[in-house]
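S.K.: File follows, coords.cif with mmCIF, C-alpha atoms and all ligand atoms:
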data_protein
#
loop_
_atom_site.label_atom_id
_atom_site.label_comp_id
_atom_site.auth_asym_id
_atom_site.auth_seq_id
_atom_site.Cartn_x
_atom_site.Cartn_y
_atom_site.Cartn_z
CA MET A 23 -12.19 -27.35 13.07
CA SER A 24 -13.07 -30.88 12.10
CA LYS A 25 -10.37 -33.34 11.14
CA ASN A 26 -11.68 -33.57 7.63
CA THR A 27 -11.55 -29.81 6.95
CA PRO A 28 -9.10 -29.37 4.08
CA GLN A 29 -5.90 -27.44 4.86
CA ALA A 30 -4.52 -24.56 2.82
CA ILE A 31 -1.88 -25.43 0.24
CA ARG A 32 1.70 -25.27 1.53
CA GLY A 33 3.33 -21.96 0.66
CA THR A 34 0.06 -20.07 0.24
CA GLN A 35 -1.05 -17.37 2.65
CA ASP A 36 -4.36 -16.18 4.02
CA ILE A 37 -3.51 -12.56 4.54
CA PHE A 38 -5.65 -10.70 7.08
CA GLY A 39 -5.57 -8.00 9.73
CA ALA A 40 -2.56 -5.69 9.96
CA ASP A 41 -0.71 -7.75 7.31
CA ALA A 42 -3.55 -7.25 4.85
CA GLU A 43 -3.60 -3.51 5.59
CA ALA A 44 0.14 -3.30 4.94
CA PHE A 45 -0.30 -5.28 1.73
CA ALA A 46 -3.02 -2.88 0.55
CA PHE A 47 -0.87 0.11 1.51
CA VAL A 48 1.92 -1.19 -0.75
CA VAL A 49 -0.43 -1.65 -3.70
CA GLU A 50 -2.10 1.76 -3.16
CA THR A 51 1.26 3.50 -2.97
CA PHE A 52 2.39 1.76 -6.15
CA GLU A 53 -0.84 2.79 -7.92
CA ARG A 54 -0.44 6.41 -6.84
CA VAL A 55 3.22 6.72 -7.76
CA ARG A 56 2.94 4.93 -11.12
CA LYS A 57 0.41 7.57 -12.14
CA LEU A 58 2.87 10.32 -11.21
CA TYR A 59 5.32 8.70 -13.65
CA ARG A 60 2.56 8.18 -16.23
CA PHE A 61 2.80 4.40 -16.38
CA ARG A 62 -0.30 2.78 -17.88
CA ARG A 63 -2.10 0.00 -16.12
CA ALA A 64 -2.32 -3.54 -17.59
CA GLU A 65 -4.10 -6.65 -16.29
CA MET A 66 -2.45 -9.85 -17.40
CA PRO A 67 -3.53 -13.51 -17.47
CA VAL A 68 -2.41 -15.64 -14.56
CA PHE A 69 -1.46 -18.48 -16.90
CA GLU A 70 0.22 -18.74 -20.28
CA LYS A 71 1.41 -21.49 -22.57
CA THR A 72 4.42 -23.09 -20.90
CA GLU A 73 6.65 -22.14 -23.83
CA VAL A 74 6.13 -18.42 -23.12
CA PHE A 75 8.17 -18.87 -19.95
CA ALA A 76 10.45 -21.67 -21.13
CA ARG A 77 11.58 -19.74 -24.21
CA SER A 78 11.93 -16.31 -22.68
CA ILE A 79 13.22 -17.00 -19.18
CA GLY A 80 15.47 -19.83 -20.35
CA GLU A 81 15.53 -23.56 -19.69
CA THR A 82 18.65 -23.36 -17.53
CA THR A 83 17.24 -20.99 -14.93
CA ASP A 84 15.98 -22.15 -11.54
CA ILE A 85 12.55 -20.77 -12.38
CA VAL A 86 12.05 -22.88 -15.48
CA SER A 87 13.97 -25.96 -14.41
CA LYS A 88 12.64 -26.27 -10.84
CA GLU A 89 10.00 -23.76 -9.85
CA MET A 90 7.18 -23.71 -12.41
CA TYR A 91 3.66 -24.90 -11.77
CA SER A 92 2.96 -26.51 -15.13
CA PHE A 93 0.05 -28.73 -16.03
CA GLU A 94 -1.86 -30.06 -18.98
CA ASP A 95 -5.31 -28.59 -19.41
CA ARG A 96 -8.29 -30.63 -20.55
CA GLY A 97 -7.39 -29.93 -24.15
CA GLY A 98 -3.92 -31.44 -23.67
CA GLU A 99 -2.07 -28.13 -23.82
CA SER A 100 0.84 -27.48 -21.47
CA LEU A 101 0.09 -24.37 -19.40
CA THR A 102 2.00 -22.72 -16.58
CA LEU A 103 0.92 -20.45 -13.73
CA ARG A 104 2.99 -17.33 -14.23
CA PRO A 105 6.22 -17.33 -12.18
CA GLU A 106 6.92 -13.70 -13.20
CA PHE A 107 5.25 -10.94 -15.19
CA THR A 108 7.75 -9.95 -17.84
CA ALA A 109 7.45 -12.95 -20.17
CA GLY A 110 3.66 -12.69 -20.37
CA ILE A 111 3.83 -8.94 -20.92
CA ALA A 112 6.34 -9.48 -23.74
CA ARG A 113 4.02 -12.08 -25.28
CA ALA A 114 1.13 -9.62 -25.05
CA TYR A 115 3.21 -6.83 -26.57
CA LEU A 116 3.83 -9.03 -29.61
CA THR A 117 0.40 -10.66 -29.97
CA ASN A 118 -1.57 -7.42 -29.50
CA GLY A 119 0.56 -5.16 -31.65
CA TRP A 120 1.37 -2.93 -28.68
CA GLN A 121 4.39 -1.75 -30.71
CA GLN A 122 2.13 1.12 -31.80
CA HIS A 123 2.32 2.50 -28.23
CA ALA A 124 6.12 2.30 -27.97
CA PRO A 125 7.76 3.45 -25.83
CA LEU A 126 5.16 1.81 -23.62
CA LYS A 127 5.29 2.32 -19.86
CA LEU A 128 3.28 -0.43 -18.15
CA ALA A 129 2.42 -1.22 -14.55
CA THR A 130 0.67 -4.22 -13.07
CA ASP A 131 0.43 -6.28 -9.89
CA GLY A 132 -0.90 -9.62 -8.81
CA PRO A 133 -0.06 -13.18 -7.77
CA LEU A 134 2.85 -15.27 -9.05
CA PHE A 135 3.57 -18.94 -8.46
CA ARG A 136 6.88 -20.67 -7.84
CA TYR A 137 7.50 -24.10 -6.38
CA GLU A 138 10.03 -23.05 -3.73
CA ARG A 139 10.77 -24.10 -0.17
CA PRO A 140 8.39 -21.91 1.85
CA GLN A 141 9.88 -19.77 4.61
CA LYS A 142 9.51 -16.24 5.96
CA GLY A 143 9.33 -13.90 2.96
CA ARG A 144 9.27 -16.79 0.48
CA TYR A 145 6.04 -18.41 -0.62
CA ARG A 146 4.67 -20.56 -3.40
CA GLN A 147 1.99 -18.05 -4.19
CA PHE A 148 3.36 -14.57 -3.68
CA HIS A 149 2.59 -11.16 -5.12
CA GLN A 150 4.52 -8.51 -6.99
CA ILE A 151 4.18 -4.98 -8.17
CA ASP A 152 5.76 -4.71 -11.60
CA ALA A 153 6.82 -1.91 -13.94
CA GLU A 154 8.15 -2.15 -17.50
CA ILE A 155 9.21 0.29 -20.22
CA ILE A 156 9.07 -1.46 -23.59
CA GLY A 157 10.50 -0.12 -26.84
CA ALA A 158 12.89 2.34 -25.21
CA ALA A 159 16.58 1.94 -25.92
CA GLU A 160 17.87 5.02 -24.12
CA PRO A 161 19.47 4.91 -20.68
CA GLN A 162 16.95 7.58 -19.68
CA ALA A 163 14.33 4.83 -19.50
CA ASP A 164 16.44 2.92 -16.98
CA VAL A 165 16.82 6.09 -14.93
CA GLU A 166 13.10 6.84 -14.92
CA LEU A 167 12.21 3.30 -13.95
CA LEU A 168 14.71 3.33 -11.08
CA ALA A 169 13.61 6.77 -9.91
CA MET A 170 10.06 5.42 -9.67
CA ALA A 171 11.20 2.38 -7.67
CA ASP A 172 13.15 4.64 -5.35
CA GLN A 173 10.18 6.94 -4.81
CA ILE A 174 7.83 4.04 -4.06
CA ILE A 175 10.20 2.66 -1.44
CA ARG A 176 10.60 6.10 0.16
CA GLU A 177 6.85 6.74 0.15
CA LEU A 178 6.33 3.43 1.89
CA GLY A 179 8.54 4.83 4.65
CA ILE A 180 11.15 2.11 4.15
CA THR A 181 14.66 3.19 5.05
CA ASP A 182 18.13 1.66 4.94
CA VAL A 183 17.67 0.15 1.51
CA THR A 184 20.21 0.76 -1.25
CA LEU A 185 20.08 0.34 -5.00
CA HIS A 186 22.80 -2.14 -6.03
CA LEU A 187 23.64 -1.58 -9.66
CA ASN A 188 25.62 -3.45 -12.28
CA THR A 189 25.92 -3.68 -16.02
CA LEU A 190 26.05 -6.94 -17.94
CA GLY A 191 27.13 -5.10 -21.09
CA ASP A 192 25.77 -5.68 -24.57
CA ALA A 193 25.59 -9.13 -26.15
CA ASP A 194 29.30 -9.14 -27.10
CA SER A 195 30.54 -7.89 -23.73
CA ARG A 196 28.35 -10.40 -21.95
CA GLU A 197 29.61 -13.27 -24.12
CA ALA A 198 33.29 -12.39 -23.54
CA TRP A 199 32.69 -12.08 -19.80
CA ARG A 200 30.87 -15.39 -19.76
CA ALA A 201 33.81 -17.14 -21.46
CA ALA A 202 36.26 -15.67 -18.93
CA LEU A 203 34.03 -16.76 -16.04
CA VAL A 204 33.84 -20.31 -17.38
CA GLU A 205 37.62 -20.45 -17.57
CA HIS A 206 38.00 -19.01 -14.06
CA PHE A 207 35.51 -21.37 -12.42
CA ARG A 208 36.54 -24.45 -14.41
CA ALA A 209 39.99 -24.25 -12.79
CA VAL A 210 38.39 -24.76 -9.35
CA LYS A 211 35.41 -26.81 -10.40
CA GLY A 212 35.87 -29.55 -7.78
CA GLU A 213 35.68 -27.03 -4.94
CA LEU A 214 32.44 -25.40 -6.06
CA SER A 215 29.02 -26.34 -4.69
CA GLU A 216 27.17 -29.06 -6.63
CA ASP A 217 24.71 -26.49 -7.95
CA SER A 218 27.49 -24.28 -9.23
CA GLN A 219 29.29 -27.18 -10.88
CA GLU A 220 26.15 -27.72 -12.85
CA ARG A 221 25.73 -24.00 -13.58
CA LEU A 222 29.30 -23.89 -14.90
CA GLU A 223 28.34 -25.49 -18.19
CA LYS A 224 24.81 -24.18 -18.51
CA ASN A 225 24.61 -20.76 -16.95
CA PRO A 226 27.97 -19.66 -15.47
CA LEU A 227 26.82 -16.11 -14.67
CA ARG A 228 24.51 -17.65 -12.11
CA ILE A 229 27.49 -18.82 -10.04
CA LEU A 230 28.01 -15.16 -9.12
CA ASP A 231 24.50 -15.26 -7.66
CA SER A 232 25.28 -18.25 -5.45
CA LYS A 233 24.59 -17.95 -1.75
CA ASP A 234 26.68 -21.07 -1.00
CA ARG A 235 29.74 -20.33 1.11
CA ARG A 236 31.91 -22.74 -0.89
CA ASP A 237 31.45 -20.59 -3.98
CA GLN A 238 31.91 -17.25 -2.29
CA ARG A 239 35.69 -16.91 -2.33
CA PHE A 240 35.91 -17.85 -5.99
CA VAL A 241 33.20 -15.32 -6.77
CA ASP A 242 35.15 -12.55 -5.04
CA ASP A 243 38.17 -12.89 -7.33
CA ALA A 244 36.28 -13.81 -10.49
CA PRO A 245 36.85 -11.64 -13.60
CA LYS A 246 34.74 -8.47 -13.55
CA ILE A 247 32.53 -7.28 -16.39
CA ASP A 248 34.35 -3.94 -16.65
CA GLN A 249 37.31 -5.56 -18.42
CA PHE A 250 35.02 -6.76 -21.17
CA LEU A 251 32.73 -3.80 -21.73
CA SER A 252 32.60 -2.39 -25.25
CA ASP A 253 32.80 1.40 -25.55
CA ASP A 254 29.07 1.54 -26.25
CA ALA A 255 28.23 -0.55 -23.22
CA LYS A 256 30.49 1.59 -21.05
CA ALA A 257 28.91 4.81 -22.32
CA PHE A 258 25.43 3.39 -21.70
CA PHE A 259 26.24 2.52 -18.11
CA GLU A 260 27.78 5.94 -17.51
CA SER A 261 24.61 7.61 -18.74
CA VAL A 262 22.55 5.51 -16.35
CA THR A 263 24.72 6.31 -13.34
CA SER A 264 25.00 10.02 -14.08
CA GLY A 265 21.24 10.14 -14.67
CA LEU A 266 20.63 8.51 -11.29
CA ASP A 267 22.93 11.02 -9.63
CA ALA A 268 21.09 13.89 -11.28
CA ALA A 269 17.71 12.43 -10.27
CA GLY A 270 18.91 12.07 -6.68
CA VAL A 271 18.75 8.27 -6.56
CA LYS A 272 21.48 6.81 -4.36
CA TRP A 273 23.17 3.70 -5.70
CA THR A 274 26.19 1.52 -5.17
CA ARG A 275 28.13 -0.54 -7.70
CA ALA A 276 27.71 -4.31 -7.30
CA GLU A 277 30.14 -5.99 -9.66
CA SER A 278 28.91 -9.53 -8.97
CA LEU A 279 25.23 -8.73 -9.33
CA VAL A 280 23.64 -10.73 -12.13
CA ARG A 281 20.02 -11.50 -12.64
CA GLY A 282 18.95 -15.12 -12.77
CA LEU A 283 17.26 -14.73 -16.13
CA ASP A 284 18.97 -15.17 -19.48
CA TYR A 285 17.46 -12.21 -21.27
CA TYR A 286 19.15 -9.42 -19.34
CA ARG A 287 21.56 -6.96 -21.02
CA HIS A 288 23.18 -3.79 -19.76
CA THR A 289 21.59 -2.59 -16.53
CA ALA A 290 20.90 -5.09 -13.75
CA PHE A 291 19.84 -4.00 -10.29
CA GLU A 292 18.39 -4.93 -6.94
CA PHE A 293 17.23 -2.91 -3.97
CA ILE A 294 18.76 -4.54 -0.89
CA PRO A 295 18.52 -3.61 2.81
CA ASP A 296 21.79 -2.33 4.26
CA GLU A 297 23.63 -5.02 6.17
CA GLY A 298 23.02 -4.92 9.92
CA SER A 299 20.15 -2.43 9.63
CA GLU A 300 16.79 -2.98 11.27
CA THR A 301 15.29 -3.31 7.81
CA ALA A 302 17.65 -6.22 7.10
CA ASN A 303 16.67 -7.86 10.40
CA LYS A 304 12.99 -7.66 9.61
CA LEU A 305 13.49 -9.43 6.31
CA GLY A 306 15.56 -12.26 7.74
CA SER A 307 17.41 -14.28 5.16
CA GLN A 308 15.39 -12.96 2.20
CA SER A 309 17.46 -9.99 1.25
CA THR A 310 16.19 -8.63 -2.04
CA ILE A 311 13.02 -6.62 -2.16
CA LEU A 312 13.07 -5.41 -5.75
CA GLY A 313 14.98 -6.59 -8.78
CA GLY A 314 15.15 -6.00 -12.47
CA GLY A 315 17.11 -4.78 -15.43
CA ARG A 316 17.23 -4.30 -19.14
CA TYR A 317 16.02 -7.21 -21.22
CA ASP A 318 16.80 -6.22 -24.79
CA GLY A 319 17.10 -9.89 -25.81
CA LEU A 320 13.68 -11.08 -24.68
CA MET A 321 11.32 -10.29 -27.56
CA GLU A 322 13.54 -12.11 -30.05
CA SER A 323 13.42 -15.28 -27.97
CA LEU A 324 9.62 -15.14 -28.42
CA GLY A 325 9.98 -14.73 -32.18
CA GLY A 326 9.45 -10.96 -32.20
CA PRO A 327 11.63 -8.17 -33.56
CA ALA A 328 14.56 -6.91 -31.49
CA THR A 329 12.92 -4.66 -28.90
CA PRO A 330 14.78 -2.82 -26.17
CA ALA A 331 13.04 -2.89 -22.80
CA VAL A 332 13.69 -2.49 -19.10
CA GLY A 333 11.66 -3.47 -16.06
CA TRP A 334 11.50 -4.43 -12.41
CA ALA A 335 9.39 -6.37 -9.98
CA ALA A 336 9.15 -6.18 -6.20
CA GLY A 337 7.64 -8.64 -3.75
CA ILE A 338 4.57 -7.10 -2.11
CA GLU A 339 4.90 -9.35 0.96
CA ARG A 340 8.53 -8.34 1.47
CA LEU A 341 7.69 -4.65 1.12
CA ALA A 342 4.70 -5.10 3.44
CA MET A 343 6.98 -6.65 6.10
CA LEU A 344 8.96 -3.40 6.10
CA VAL A 345 6.22 -0.81 6.36
CA SER A 346 5.53 0.25 9.91
CA ASP A 347 2.41 -0.96 11.66
CA CYS A 348 -0.60 -0.60 9.45
CA ASP A 349 -3.36 -1.33 11.91
CA VAL A 350 -6.89 -1.63 10.69
CA PRO A 351 -7.79 2.08 10.53
CA VAL A 352 -10.13 3.59 13.12
CA ALA A 353 -13.49 4.89 11.86
CA ASP A 354 -13.97 8.65 11.65
CA VAL A 355 -17.57 8.42 12.77
CA ILE A 356 -19.73 5.84 14.54
CA VAL A 357 -23.44 6.29 14.11
CA VAL A 358 -25.29 4.89 17.12
CA VAL A 359 -28.96 3.97 16.84
CA GLU A 360 -30.38 4.52 20.31
CA ASN A 361 -33.72 2.92 19.55
CA ASP A 362 -34.91 1.13 16.45
CA ALA A 363 -37.37 3.86 15.53
CA ALA A 364 -34.32 6.02 14.74
CA MET A 365 -32.93 3.54 12.20
CA ALA A 366 -34.12 5.42 9.10
CA SER A 367 -32.59 8.72 10.24
CA ALA A 368 -29.37 6.94 11.13
CA LEU A 369 -29.09 5.27 7.75
CA ALA A 370 -29.72 8.56 5.96
CA ALA A 371 -27.01 10.22 8.04
CA LEU A 372 -24.59 7.36 7.43
CA ARG A 373 -24.97 7.81 3.71
CA LYS A 374 -24.27 11.55 3.92
CA VAL A 375 -21.23 11.06 6.11
CA ARG A 376 -19.69 8.44 3.82
CA GLU A 377 -20.39 10.48 0.72
CA ALA A 378 -18.51 13.33 2.37
CA GLY A 379 -15.47 11.05 2.55
CA LEU A 380 -15.58 10.11 6.23
CA ALA A 381 -15.15 6.46 7.21
CA ALA A 382 -18.24 5.54 9.16
CA GLU A 383 -19.75 2.54 10.85
CA LEU A 384 -23.18 1.79 12.28
CA ALA A 385 -23.73 0.58 15.85
CA ALA A 386 -27.24 -0.84 15.86
CA SER A 387 -27.15 -4.24 17.47
CA GLY A 388 -27.35 -5.37 21.07
CA SER A 389 -28.68 -3.22 23.89
CA PRO A 390 -28.42 0.59 23.57
CA ARG A 391 -25.73 0.47 26.23
CA LYS A 392 -23.70 -2.06 24.21
CA ARG A 393 -24.02 0.12 21.14
CA PHE A 394 -22.52 3.09 22.99
CA ASP A 395 -19.79 0.97 24.52
CA LYS A 396 -18.81 -0.28 21.10
CA ALA A 397 -18.71 3.30 19.78
CA VAL A 398 -16.59 4.60 22.64
CA ARG A 399 -14.17 1.66 22.56
CA SER A 400 -13.63 2.03 18.81
CA GLY A 401 -11.66 5.25 19.35
CA ALA A 402 -13.54 6.97 16.51
CA ARG A 403 -13.14 10.73 16.19
CA ALA A 404 -16.88 11.28 16.43
CA ILE A 405 -20.00 9.59 17.71
CA VAL A 406 -23.41 10.58 16.40
CA ALA A 407 -26.33 9.12 18.34
CA PHE A 408 -29.85 9.00 16.91
CA ASP A 409 -32.92 8.78 19.03
CA GLU A 410 -36.55 8.94 17.99
CA ARG A 411 -39.44 9.33 20.37
CA ASP A 412 -42.74 11.20 20.21
CA GLY A 413 -41.17 14.45 19.05
CA GLY A 414 -39.43 12.95 15.98
CA PRO A 415 -35.75 12.26 15.40
CA THR A 416 -33.02 13.89 17.46
CA SER A 417 -29.31 13.53 17.16
CA ARG A 418 -26.41 14.21 19.49
CA ILE A 419 -22.88 14.71 18.26
CA LYS A 420 -19.84 14.05 20.40
CA ALA A 421 -16.64 14.94 18.61
CA ASP A 422 -13.59 17.17 18.53
CA ASP A 423 -14.34 20.74 17.40
CA GLU A 424 -13.26 20.26 13.83
CA THR A 425 -15.28 17.09 13.27
CA SER A 426 -18.28 18.56 15.10
CA ALA A 427 -18.30 21.46 12.69
CA ILE A 428 -18.21 19.14 9.69
CA LEU A 429 -20.98 16.96 11.07
CA GLU A 430 -23.26 19.87 12.10
CA ASN A 431 -22.90 21.13 8.61
CA LEU A 432 -23.72 17.76 7.04
CA LEU A 433 -26.50 16.63 9.32
CA GLY A 434 -27.92 20.02 10.29
P1 LIG B 501 15.29 -14.50 -4.65
O1 LIG B 501 16.73 -14.35 -4.91
O2 LIG B 501 14.85 -13.98 -3.31
O3 LIG B 501 14.77 -15.87 -4.96
P2 LIG B 501 14.49 -13.73 -7.26
O4 LIG B 501 15.71 -13.25 -7.91
O5 LIG B 501 13.99 -15.09 -7.54
O6 LIG B 501 14.58 -13.51 -5.68
P3 LIG B 501 12.83 -12.02 -8.83
O7 LIG B 501 12.43 -13.08 -9.77
O8 LIG B 501 13.73 -10.95 -9.25
O9 LIG B 501 13.33 -12.67 -7.48
O10 LIG B 501 11.49 -11.35 -8.23
C1 LIG B 501 11.48 -10.00 -7.76
C2 LIG B 501 11.05 -9.92 -6.33
O11 LIG B 501 9.94 -10.75 -6.07
C3 LIG B 501 12.07 -10.39 -5.32
O12 LIG B 501 13.01 -9.38 -5.07
C4 LIG B 501 11.22 -10.66 -4.11
O13 LIG B 501 10.90 -9.47 -3.43
C5 LIG B 501 9.98 -11.22 -4.72
N1 LIG B 501 9.96 -12.69 -4.71
C6 LIG B 501 10.55 -13.54 -5.58
N2 LIG B 501 10.28 -14.82 -5.26
C7 LIG B 501 9.47 -14.78 -4.16
C8 LIG B 501 8.81 -15.77 -3.34
N3 LIG B 501 8.91 -17.06 -3.61
N4 LIG B 501 8.07 -15.34 -2.29
C9 LIG B 501 7.94 -14.03 -2.00
N5 LIG B 501 8.52 -13.05 -2.74
C10 LIG B 501 9.27 -13.41 -3.80
MG MG B 502 14.16 -16.95 -6.63
#
Have the structure of the file written as structure tokens, please.
Ligand code: ATP
Ligand code: MG
M.R.:
Amino acid sequence: MSKNTPQAIRGTQDIFGADAEAFAFVVETFERVRKLYRFRRAEMPVFEKTEVFARSIGETTDIVSKEMYSFEDRGGESLTLRPEFTAGIARAYLTNGWQQHAPLKLATDGPLFRYERPQKGRYRQFHQIDAEIIGAAEPQADVELLAMADQIIRELGITDVTLHLNTLGDADSREAWRAALVEHFRAVKGELSEDSQERLEKNPLRILDSKDRRDQRFVDDAPKIDQFLSDDAKAFFESVTSGLDAAGVKWTRAESLVRGLDYYRHTAFEFIPDEGSETANKLGSQSTILGGGRYDGLMESLGGPATPAVGWAAGIERLAMLVSDCDVPVADVIVVVENDAAMASALAALRKVREAGLAAELAASGSPRKRFDKAVRSGARAIVAFDERDGGPTSRIKADDETSAILENLLG
């Protein structure tokens, strides 16, 4: 590499090899399972007007205040590379009149951008799978969404991960809780981390989210939401938890769990590896793999009508780190061209084999010996060699019995 070859941007990744296979496995599993739950696919723009995120996520959040990639385009408009999916989806719901499809179950995936300190499991361009149910007020929607998340994680073969669940109550419960938290933390303000001192005035719920040790002991004895829940909010949460039990989704109550975003109401949740488990070790210090909740307040902040909705997002890279080795898959069949006269027969065979759903590769370069070596070394289930001399094309099949039978049948 020459000294003047440009380097990749810090916090971006060039994903290749086993990592890329694991990444694809996560997306394929998501695609398969979302169809089982009848979520519809959406493709969303990678950038939006900055105000879409500023107004919906909230100016006081880390995302909006520190992490957004915002820039002016050539027309002088402030645009932002999406740091999450939900705000853009909410914008689209309003601007496209998707109300007509409510309740709308949507699934998407793709890259997101946040200006963060890059480390293992944390990047500046990362990727998420995302699922939302918009226009559904019933706790059944929360249950369905969580059951899907749970099934995806299980089908990825990821173990030792638990759903941590909390409620933030309705707007009134949340407001009363917020006031009690401010009072509680104000009494010990000087002992809190600098970040939390700042959060105290702007976004006190976020102190509960703090990973700073100085804040931890005050978080443990902070007032809990349960004291402030209205009867409605309590009943809603009970329906969610009993629904999860009925659907066989294991969960644990996490009274300090809040989501960093302002628009959350009622259900808030994260899937977190169990402490001390191998899964937790693999993830290192990045503990959460999937997070979400109910965001009944979001559409109004974008000027739309009150619209109940619930959703989640999971980091594809973090899920991919947890799936067991996804090596580049071995071919089912290698077609070896023994001499160049046999090329046409080989290509015709290759087409038939692939159309029958077998993964096949051609070995047609280098000496005949090299071609065979490559085929044998590949570990493929079958090798079909084509030769063509005076008597016309001949083929030899070397395979296990089952594959031989399939190939004889295909190639005659
Ligand atoms: P964290 O506490 O790790 O910063 P978050 O609360 O900011 O997470 P969300 O906004 O809820 O994360 O995003 C959902 C998921 O997306 C996370 O659980 C994680 O798996 C993934 N994720 C978020 N930020 C990043 C990042 N910078 N790099 C890789 N994955 C990320
Ligand atoms: Mg974050």
S.K.: Between A:Asn303, A:Ser389, A:Ser232, A:Asn225, which one has atoms that come closest to ligand MG 502 (chain B), using all atoms listed in the file?
M.R.: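 Comparing A:Asn303, A:Ser389, A:Ser232, A:Asn225 against ligand MG 502 (chain B), the winner is A:Ser232.
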S.K.: For segment 432-434 of chain A, please output as a list of chain:residue names all residues within 12 Å (counting all atoms listed in the file; exclusion window: fewer than 6 positions along the same chain).
M.R.: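 These residues fall inside the cut-off: A:Val357, A:Ser367, A:Ala368, A:Leu369, A:Ala370, A:Ala371, A:Leu372, A:Arg373, A:Lys374, A:Val375, A:Arg376, A:Glu377, A:Ala378, A:Gly379, A:Leu380, A:Val406, A:Ala407, A:Phe408, A:Pro415, A:Thr416, A:Ser417, A:Arg418, A:Ile419, A:Thr425, A:Ser426.
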S.K.: Residues up to 12 Å from ligand MG 502 (chain B), counting all atoms listed in the file: could you list those as an mmCIF file with C-alpha atoms, keeping the file's coordinate frame?
M.R.:
data_model
loop_
_atom_site.group_PDB
_atom_site.id
_atom_site.type_symbol
_atom_site.label_atom_id
_atom_site.label_comp_id
_atom_site.auth_asym_id
_atom_site.auth_seq_id
_atom_site.Cartn_x
_atom_site.Cartn_y
_atom_site.Cartn_z
ATOM 1 C CA THR A 83 17.240 -20.990 -14.930
ATOM 2 C CA ASP A 84 15.980 -22.150 -11.540
ATOM 3 C CA ILE A 85 12.550 -20.770 -12.380
ATOM 4 C CA VAL A 86 12.050 -22.880 -15.480
ATOM 5 C CA SER A 87 13.970 -25.960 -14.410
ATOM 6 C CA LYS A 88 12.640 -26.270 -10.840
ATOM 7 C CA GLU A 89 10.000 -23.760 -9.850
ATOM 8 C CA MET A 90 7.180 -23.710 -12.410
ATOM 9 C CA PRO A 105 6.220 -17.330 -12.180
ATOM 10 C CA GLU A 106 6.920 -13.700 -13.200
ATOM 11 C CA LEU A 134 2.850 -15.270 -9.050
ATOM 12 C CA PHE A 135 3.570 -18.940 -8.460
ATOM 13 C CA ARG A 136 6.880 -20.670 -7.840
ATOM 14 C CA TYR A 137 7.500 -24.100 -6.380
ATOM 15 C CA GLU A 138 10.030 -23.050 -3.730
ATOM 16 C CA ARG A 139 10.770 -24.100 -0.170
ATOM 17 C CA PRO A 140 8.390 -21.910 1.850
ATOM 18 C CA GLY A 143 9.330 -13.900 2.960
ATOM 19 C CA ARG A 144 9.270 -16.790 0.480
ATOM 20 C CA TYR A 145 6.040 -18.410 -0.620
ATOM 21 C CA ARG A 146 4.670 -20.560 -3.400
ATOM 22 C CA PHE A 148 3.360 -14.570 -3.680
ATOM 23 C CA ARG A 228 24.510 -17.650 -12.110
ATOM 24 C CA ASP A 231 24.500 -15.260 -7.660
ATOM 25 C CA SER A 232 25.280 -18.250 -5.450
ATOM 26 C CA LYS A 233 24.590 -17.950 -1.750
ATOM 27 C CA ARG A 281 20.020 -11.500 -12.640
ATOM 28 C CA GLY A 282 18.950 -15.120 -12.770
ATOM 29 C CA LEU A 283 17.260 -14.730 -16.130
ATOM 30 C CA GLN A 308 15.390 -12.960 2.200
ATOM 31 C CA SER A 309 17.460 -9.990 1.250
ATOM 32 C CA THR A 310 16.190 -8.630 -2.040
ATOM 33 C CA ILE A 311 13.020 -6.620 -2.160
ATOM 34 C CA LEU A 312 13.070 -5.410 -5.750
ATOM 35 C CA GLY A 313 14.980 -6.590 -8.780
ATOM 36 C CA ALA A 336 9.150 -6.180 -6.200
ATOM 37 C CA GLY A 337 7.640 -8.640 -3.750
#
S.K.: Which is closer to ligand LIG 501 (chain B) than all the others in A:Leu190, A:Ile428, A:Val280, A:Ala159, using all atoms listed in the file?
M.R.: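 Closest to ligand LIG 501 (chain B) of all the choices is A:Val280.
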S.K.: Could you check which of A:Ala397, A:Ala404, A:Ala331, A:Ile229 is closest to Tyr115 of chain A, using only C-alpha atoms?
M.R.: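 Looking at the shortest contact to Tyr115 of chain A, the residue is A:Ala331.
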S.K.: Quick one: residues within 10 Å of Gly326 of chain A, only C-alpha atoms counted, chain neighbours fewer than 3 positions away excluded, as a ChimeraX atom specification?
M.R.: /A:112-113,115-117,320-323,329
S.K.: Glu43 of chain A: which residues within 8 Å, counting only C-alpha atoms, same-chain residues fewer than 4 positions away excluded, as number ranges by chain?
M.R.: A: 38-39, 47, 348-350
S.K.: Write out, as a Markdown table, each residue of segment 118-190 of chain A that has an atom at most 7 Å from segment 244-267 of chain A, together with the closest pair of atoms and their distance in Å to one decimal, counting only C-alpha atoms, rows going by chain and rising number.
M.R.:
| residue | atom | partner | partner_atom | distance |
| --- | --- | --- | --- | --- |
| A:Pro161 | CA | A:Val262 | CA | 5.3 |
| A:Gln162 | CA | A:Val262 | CA | 6.8 |
| A:Asp164 | CA | A:Val262 | CA | 6.7 |
| A:Val165 | CA | A:Leu266 | CA | 5.8 |
| A:Thr189 | CA | A:Phe259 | CA | 6.6 |
| A:Leu190 | CA | A:Ile247 | CA | 6.7 |
S.K.: For a quick check of understanding, using only C-alpha atoms, which of A:Met343, A:Ala421, A:Ile294, A:Leu384 has the smallest distance to Ala40 of chain A?
M.R.: A:Met343
S.K.: Between A:Arg208, A:Arg340, A:Lys304, A:Arg77, which has the minimum distance to Ile175 of chain A (counting only C-alpha atoms)?
M.R.: A:Arg340
